[in-house]
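Data first, discussion second: the structure below is written as structure tokens.
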There are 2 protein chains.
Amino acid sequence: MENIRRYPERARTRRADLDAVLDAAVTCTFATVVDGLPWVVPMLYARDGDRILLHGSTGAGALRLAASGAPVAVCVSLLDGVVVAQDLFHSSANFRSAVVRGEVTALPAEESAAALDALSDGLIPGRSTETRAHTRKELAATATLVLPIRAGQWTVKIRDAPPSAPDVSDGSWAGVVPLRTVADRPVAAPWVADDVPVPESVRRLVDRYATSTAMVSATSAGFSAPSASTA
Amino acid sequence: MENIRRYPERARTRRADLDAVLDAAVTCTFATVVDGLPWVVPMLYARDGDRILLHGSTGAGALRLAASGAPVAVCVSLLDGVVVAQDLFHSSANFRSAVVRGEVTALPAEESAAALDALSDGLIPGRSTETRAHTRKELAATATLVLPIRAGQWTVKIRDAPPSAPDVSDGSWAGVVPLRTVADRPVAAPWVADDVPVPESVRRLVDRYATSTAMVSATSAGFSAPSASTA
């Protein structure tokens, strides 16, 4: 695969680029250090302005450790395509990725409900307006964590290009296979009656995947960005 | 979102489950510890028997550190669906995830070419048989890393179920929005003539996404597994 020194990944430095990548995904890999060892877990997240919101059980040991001020890193990545060059060395992937570093803090109970609403709405747009409020017991069982987004504490890398042009083409095919995430028709739970309509928030969730999909496709086909490479 | 103590994630302990998750994805988050801080990067990978193969530039500092015996963790996760419960607390995600811990070693030059072929073939099935061999210069520029899969050094978690049934249904909709990755029509690079056929390996890559897709869809719709939850 492609050599990152020869064709550096395209690092982006605008905050808007970070926000765009963070807002395009709903899962991240949360990393911290436990007893000197790397500790990682996939998590749902949402960006809320200058904060990344995360949540977990108050019983999860590593999250408790992280909330006590241990350094963390959150990694988001989206695979947008497989880049097929005429040789293996220059083959690569189109992707968007972001890493945000810092320390997380646990939100106090009085701010937790609003953050959990924002987290749910990030995943299922507007869902919090359709459901009952959180109960005191639910809030007590949930650790709501915040990772502030601070200047100098994040990196964004994007590759969105065809394979780099060979010095001499051997006449063979080269190009990109675009990949994207799609939502299928919602499947009702067994106890839900057939005539219960799918809520607006769920329709918006399905639409969002259709939308982001069309955007990614258009970008990948257009090859607007200069060549860069994956690690 | 759902409380992991009340509805624990479904941990899987069979090695076949680990292999199935590792073989379903092509990107991972690679984590290590640098100067006491968590360090993460998204990477392409492939499983080759009892090894996870990774590669990067020989100039990448953190990879060089990792190859010198620093502890690492590799996290793979696939988001299979959004689980919509009648309340926010029990909403969740269907997913497959794996974490493999250990130490990576850099392969000696004489083993590197075969490992890079396996890595490419994991991403683009059979591609290594269609391209020229690696050059000596390319091999020298590439760090090929191996993370052995060892008993007791990995975890797999899978949630694949509808929302947990409420004690009392309020009559509203609940269910799952299945998500899946699809491949679009390959886009040829600008210098490739119109009549050059898409290679067999690329057709197999496209087919693989179509196939894994149908499998995921069927599983999600079937709700075969008991209820469990995301972190």
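Naming scheme: A, B, ... for chains in displayed order of the structure tokens; residues 1 onward per chain; ligands 1 onward as shown.
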
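In plain terms, chain A touches chain B through Asn3, Ile4, Thr32, Val33, Pro38, Gly56, Ser57, Asp87, Thr131, Pro162, Trp173, Ala174, Gly175, Val176, Val177, Pro178, Leu179, Arg180, Thr181, Val182, Ala183, Asp184, Pro186, Val187, Ala188, Ala189, Val196 and Ala231 of chain A, where touching means an atom at most 6 Å away, counting only C-alpha atoms.
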
Give me every helix (DSSP H, G or I) residue in stretch 20-114 of chain B, going by DSSP on the backbone, as a ChimeraX atom specification.
/B:20-24,61-67,109-114

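Atom CA of B:Ala25 sits 13.8 Å away from atom CA of B:Ala210.
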